[in-house]
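Structure data follow from work-v6.txt (compact mmCIF, C-alpha atoms):
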```txt
# COMPACT_ATOMS: atom_id res chain seq x y z
CA MET A 209 -74.47 55.99 -35.22
CA THR A 210 -76.50 58.21 -37.60
CA GLY A 211 -78.42 61.42 -37.17
CA ASN A 212 -79.00 64.95 -38.35
CA TRP A 213 -77.43 68.23 -37.29
CA ILE A 214 -80.36 70.07 -35.71
CA THR A 215 -78.69 70.03 -32.28
CA HIS A 216 -75.55 71.51 -33.85
CA THR A 217 -77.51 74.62 -34.85
CA ALA A 218 -79.73 74.85 -31.73
CA GLU A 219 -77.66 77.61 -30.11
CA HIS A 220 -78.84 80.01 -32.81
CA GLY A 221 -82.32 80.13 -31.38
CA LYS A 222 -85.34 77.95 -31.36
CA ASN A 223 -86.67 77.28 -34.85
CA ALA A 224 -83.71 78.98 -36.60
CA PHE A 225 -83.17 75.89 -38.77
CA GLU A 226 -86.53 74.19 -38.37
CA LYS A 227 -88.25 76.05 -41.23
CA ASP A 228 -87.40 76.57 -44.88
CA PHE A 229 -85.91 79.97 -45.69
CA LYS A 230 -84.20 82.11 -48.28
CA MET A 231 -81.66 84.60 -46.94
CA ASP A 232 -79.11 87.06 -48.22
CA GLY A 233 -75.76 85.27 -48.01
CA ASN A 234 -74.06 88.19 -46.27
CA VAL A 235 -76.72 88.20 -43.56
CA PHE A 236 -76.39 84.40 -43.23
CA ILE A 237 -72.63 84.84 -42.76
CA GLU A 238 -73.16 87.57 -40.14
CA ASN A 239 -75.85 85.71 -38.18
CA TYR A 240 -74.62 82.14 -38.40
CA LEU A 241 -71.64 81.16 -40.50
CA ILE A 242 -69.12 83.56 -38.97
CA HIS A 243 -69.72 81.88 -35.60
CA LYS A 244 -69.34 78.27 -36.71
CA ASN A 245 -70.00 75.99 -39.62
CA VAL A 246 -73.77 75.57 -39.46
CA ILE A 247 -73.61 73.54 -42.71
CA PRO A 248 -71.57 70.62 -41.38
CA ASN A 249 -72.91 67.87 -43.65
CA VAL A 250 -71.38 68.72 -47.02
CA SER A 251 -73.21 65.84 -48.72
CA ALA A 252 -76.49 67.68 -48.06
CA VAL A 253 -75.41 70.82 -49.95
CA LEU A 254 -76.38 71.75 -53.48
CA PHE A 255 -74.86 74.76 -55.19
CA ARG A 256 -74.81 76.22 -58.65
CA LYS A 257 -71.86 75.59 -60.92
CA ILE A 258 -71.46 79.34 -61.37
CA GLY A 259 -70.87 79.61 -57.61
CA LEU A 260 -68.18 76.95 -57.70
CA ASN A 261 -66.54 78.65 -60.69
CA LYS A 262 -66.49 81.85 -58.61
CA ILE A 263 -64.22 80.25 -55.99
CA ALA A 264 -62.21 77.89 -58.21
CA PRO A 265 -59.53 76.78 -57.90
CA LEU A 266 -60.31 75.68 -54.37
CA ARG A 267 -57.67 76.79 -51.91
CA PHE A 268 -56.54 74.31 -49.30
CA GLU A 269 -54.05 74.89 -46.50
CA PRO A 270 -52.94 72.35 -43.87
CA PHE A 271 -54.89 74.26 -41.20
CA MET A 272 -58.07 73.58 -43.20
CA ARG A 273 -57.93 69.83 -42.63
CA TYR A 274 -61.14 69.74 -40.57
CA ASN A 275 -62.89 72.84 -41.84
CA ALA A 276 -62.10 73.71 -45.48
CA ASP A 277 -65.79 73.38 -46.35
CA TRP A 278 -66.57 76.17 -43.87
CA PHE A 279 -64.23 78.53 -45.74
CA TYR A 280 -65.73 77.47 -49.09
CA TYR A 281 -69.26 78.21 -47.81
CA ILE A 282 -68.15 81.70 -46.77
CA GLN A 283 -66.79 82.26 -50.27
CA LEU A 284 -69.89 80.84 -51.97
CA LEU A 285 -72.37 82.83 -49.90
CA CYS A 286 -70.52 86.14 -50.00
CA ASN A 287 -72.70 88.58 -52.01
CA SER A 288 -75.04 85.72 -52.91
CA ASN A 289 -78.10 83.97 -51.43
CA VAL A 290 -78.71 80.84 -49.40
CA TYR A 291 -81.78 78.63 -49.51
CA PHE A 292 -82.44 76.17 -46.71
CA VAL A 293 -84.83 73.21 -46.74
CA ALA A 294 -85.67 72.08 -43.22
CA GLU A 295 -86.88 68.60 -44.18
CA THR A 296 -84.30 65.94 -43.35
CA LEU A 297 -83.24 64.63 -46.75
CA ASN A 298 -79.78 63.43 -45.82
CA TYR A 299 -78.20 61.65 -42.86
CA PHE A 300 -74.62 61.34 -41.74
CA ARG A 301 -72.85 58.42 -40.15
CA TYR A 302 -70.52 58.93 -37.21
CA HIS A 303 -68.06 56.16 -36.36
CA GLU A 304 -64.83 55.71 -34.43
CA SER A 305 -62.64 56.02 -37.52
CA SER A 306 -64.21 59.28 -38.79
CA VAL A 307 -61.94 62.32 -39.12
CA ILE A 308 -63.58 64.14 -36.21
CA ALA A 309 -63.54 61.07 -33.96
CA LYS A 310 -59.82 60.61 -34.61
CA ALA A 311 -59.20 64.23 -33.65
CA GLY A 312 -60.60 63.69 -30.17
CA GLY A 313 -58.70 64.02 -26.93
CA GLU A 314 -56.89 67.01 -25.52
CA SER A 315 -54.22 67.33 -28.18
CA GLY A 316 -56.85 66.86 -30.91
CA TRP A 317 -59.08 69.53 -29.38
CA VAL A 318 -56.21 72.03 -29.14
CA LYS A 319 -55.16 71.22 -32.70
CA ILE A 320 -58.70 71.84 -33.96
CA PHE A 321 -58.83 75.07 -31.93
CA ARG A 322 -55.66 76.34 -33.61
CA MET A 323 -56.89 75.29 -37.05
CA GLU A 324 -60.23 77.00 -36.48
CA LEU A 325 -58.52 80.23 -35.46
CA GLU A 326 -56.46 80.15 -38.67
CA VAL A 327 -59.55 79.53 -40.80
CA ARG A 328 -61.38 82.34 -39.03
CA LYS A 329 -58.50 84.75 -39.81
CA THR A 330 -58.51 83.59 -43.43
CA MET A 331 -62.28 84.11 -43.67
CA ILE A 332 -62.08 87.67 -42.33
CA LYS A 333 -59.17 88.46 -44.66
CA PHE A 334 -61.22 87.16 -47.61
CA LEU A 335 -64.39 89.01 -46.56
CA SER A 336 -62.51 92.29 -46.04
CA LYS A 337 -61.77 92.33 -49.78
CA GLU A 338 -65.32 91.50 -50.92
CA ASN A 339 -67.09 94.79 -50.18
CA LEU A 340 -69.78 93.31 -47.97
CA PRO A 341 -72.28 96.00 -47.01
CA ASN A 342 -72.38 94.48 -43.49
CA PHE A 343 -68.65 93.82 -43.08
CA ASP A 344 -68.39 95.83 -39.82
CA LYS A 345 -71.15 93.69 -38.30
CA VAL A 346 -69.55 90.49 -39.61
CA GLN A 347 -66.20 91.53 -38.13
CA LYS A 348 -67.85 92.25 -34.76
CA GLN A 349 -69.55 88.84 -34.80
CA ALA A 350 -66.23 87.22 -35.71
CA ARG A 351 -64.62 88.69 -32.58
CA ILE A 352 -67.50 87.29 -30.51
CA GLY A 353 -66.95 83.90 -32.16
CA ASP A 354 -63.19 84.04 -31.51
CA ASN A 355 -63.76 84.80 -27.82
CA ARG A 356 -66.27 81.95 -27.57
CA LEU A 357 -63.73 79.60 -29.11
CA TYR A 358 -61.03 80.71 -26.67
CA GLN A 359 -63.42 80.28 -23.75
CA LEU A 360 -64.56 76.79 -24.81
CA THR A 361 -60.99 75.63 -25.36
CA ALA A 362 -59.74 77.04 -22.05
CA ARG A 363 -62.69 75.41 -20.25
CA SER A 364 -61.98 72.09 -21.95
CA LEU A 365 -58.32 72.20 -20.89
CA ILE A 366 -59.25 73.14 -17.32
CA ASN A 367 -61.82 70.33 -17.17
CA ARG A 368 -59.01 67.93 -18.11
CA GLN A 369 -56.93 69.34 -15.23
CA ASN A 370 -54.58 71.21 -17.56
CA TYR A 371 -55.11 74.37 -15.55
CA LEU A 372 -51.99 76.20 -16.65
CA LYS A 373 -52.57 75.58 -20.37
CA GLY A 374 -56.16 76.74 -20.03
CA LEU A 375 -55.17 79.92 -18.23
CA VAL A 376 -52.25 80.72 -20.55
CA LEU A 377 -54.59 80.42 -23.54
CA VAL A 378 -56.68 83.37 -22.31
CA TRP A 379 -53.92 85.24 -20.45
CA ASN A 380 -54.12 88.37 -22.61
CA LYS A 381 -57.94 88.46 -22.57
CA PRO A 382 -58.88 89.86 -19.12
CA TYR A 383 -62.60 89.11 -19.32
CA LEU A 384 -61.99 85.49 -20.39
CA LEU A 385 -59.12 85.10 -17.92
CA LYS A 386 -61.42 86.07 -15.06
CA LYS A 387 -63.95 83.43 -16.16
CA ALA A 388 -61.21 80.83 -16.59
CA LEU A 389 -59.79 81.54 -13.11
CA LYS A 390 -63.25 81.12 -11.56
CA HIS A 391 -63.72 77.85 -13.43
CA THR A 392 -60.24 76.66 -12.41
CA PHE A 393 -60.89 77.31 -8.72
CA LYS A 394 -64.27 75.54 -8.93
CA LYS A 395 -62.68 72.59 -10.69
CA ILE A 396 -59.80 72.32 -8.17
CA ILE A 397 -62.25 72.41 -5.23
CA GLN A 398 -64.57 69.92 -6.96
CA ASP A 399 -61.76 67.48 -7.77
CA GLY A 400 -60.31 67.81 -4.27
```

Once more with this new file: its structure as structure tokens, please.
Amino acid sequence: MTGNWITHTAEHGKNAFEKDFKMDGNVFIENYLIHKNVIPNVSAVLFRKIGLNKIAPLRFEPFMRYNADWFYYIQLLCNSNVYFVAETLNYFRYHESSVIAKAGGESGWVKIFRMELEVRKTMIKFLSKENLPNFDKVQKQARIGDNRLYQLTARSLINRQNYLKGLVLVWNKPYLLKKALKHTFKKIIQDG
């Protein structure tokens, strides 16, 4: 199967990635990249050598197995600019033996969740040292992204009838726990 990633970025508003743009990298991080990797097809990315030299040597940790590129983009765009061309110039191929496909299933989803949380912490730690003029806003958006990730993962576990795991995941987050409990009760009634 092949395709492009326009549906992956659709949650950021209609037309957000349907037109060419130039944007301050810090604003791009705040509006998009702190929430999720909106540049998922690394083979479609061009960057200047000076940018790569800025982040070399590339740091890789085991928790970055599925998302190291996301961390690199944060580093590259910090106090820089991003240019986006909306025309589809590159396609990806998705198949059963791809890295993401192999990570499927409940244990894969939870593993990716944990890895994403670690990357998100690493990104914030990095950004806190970079003197971003909008760091407070980025940090606020990161908390929103973290809560969204917790909610999606809890919902996924509950949908797979792992009610306890889903509820424990959000136990210390009252707002998310309330939503997870509602979803759990709905799911139990629905499944009979």

Which is closest to A:Asn355 among A:Phe334, A:Trp278, A:Phe343, A:Phe321, if we use only C-alpha atoms?
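With only C-alpha atoms as the atom set, the closest residue is A:Phe321.
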
Near A:Arg273, counting all atoms listed in the file, which residues have an atom at most 12 Å away, once you skip same-chain residues fewer than 2 positions from it, shown as a ChimeraX atom specification?
/A:267-271,275-279,307-308,311,319-324,326-327

Neighbour list for A:Ile263 as a PyMOL selection string, cut-off 7 Å, all atoms listed in the file, skip fewer than 4 positions in-chain
chain A and resi 259+283-284

For each of A:Gln359, A:Arg368, A:Leu254, A:Ala350, take the minimum atom-to-atom distance to A:Lys333, counting only C-alpha atoms, then give the residue where this is smallest.
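Smallest distance to A:Lys333 is found for A:Ala350.
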
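Interatomic distance, atom CA of A:Ala252 to atom CA of A:Asn298: 5.8 Å.
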
Pick from A:Leu335, A:Val246, A:Leu325, A:Val235 nearest to A:Arg356, counting all atoms listed in the file
A:Leu325

Would you mind listing what lies within 10 Å of A:Phe255 as a VMD selection string, with only C-alpha atoms counted and same-chain residues fewer than 3 positions away left out?
chain A and resid 258 to 260 281 284 to 285 290 to 291

Could you write those residues out with C-alpha atoms, as a PDB file, in the frame of the given file?
```pdb
ATOM      1  CA  ILE A 258     -71.460  79.340 -61.370  1.00  0.00           C
ATOM      2  CA  GLY A 259     -70.870  79.610 -57.610  1.00  0.00           C
ATOM      3  CA  LEU A 260     -68.180  76.950 -57.700  1.00  0.00           C
ATOM      4  CA  TYR A 281     -69.260  78.210 -47.810  1.00  0.00           C
ATOM      5  CA  LEU A 284     -69.890  80.840 -51.970  1.00  0.00           C
ATOM      6  CA  LEU A 285     -72.370  82.830 -49.900  1.00  0.00           C
ATOM      7  CA  VAL A 290     -78.710  80.840 -49.400  1.00  0.00           C
ATOM      8  CA  TYR A 291     -81.780  78.630 -49.510  1.00  0.00           C
TER       9      TYR A 291
END
```

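When only C-alpha atoms are used to measure the gap to A:Ala294, the shortest distance among A:Leu375, A:Leu384, A:Ala224, A:Ile366 belongs to A:Ala224.
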
Find the residues near A:Phe236: any atom within 10 Å, counting all atoms listed in the file, skip ones fewer than 2 places away on the same chain, and give them as a PyMOL selection string.
chain A and resi 230-234+238-242+246+282+285-286+288-290+346

In Å to one decimal, how far is atom CA of A:Ile237 from atom CA of A:Lys345?
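Calculated distance between atom CA of A:Lys345 and atom CA of A:Ile237 is 10.0 Å.
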
4 Å per side around stretch 277-289 of chain A: axis-aligned box centre and edge lengths, as lines of an AutoDock Vina configuration file:
```
center_x = -71.2
center_y = 81.0
center_z = -48.4
size_x = 21.9
size_y = 23.2
size_z = 17.0
```

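Here atom CA of A:Leu377 stands at a distance of 6.3 Å from atom CA of A:Ala362.
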
Point out the residue among A:Lys386, A:Glu226, A:Trp379, A:Gln398 with the least atom-to-atom distance to A:Val293, counting all atoms listed in the file.
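Under the stated criterion, the closest residue is A:Glu226.
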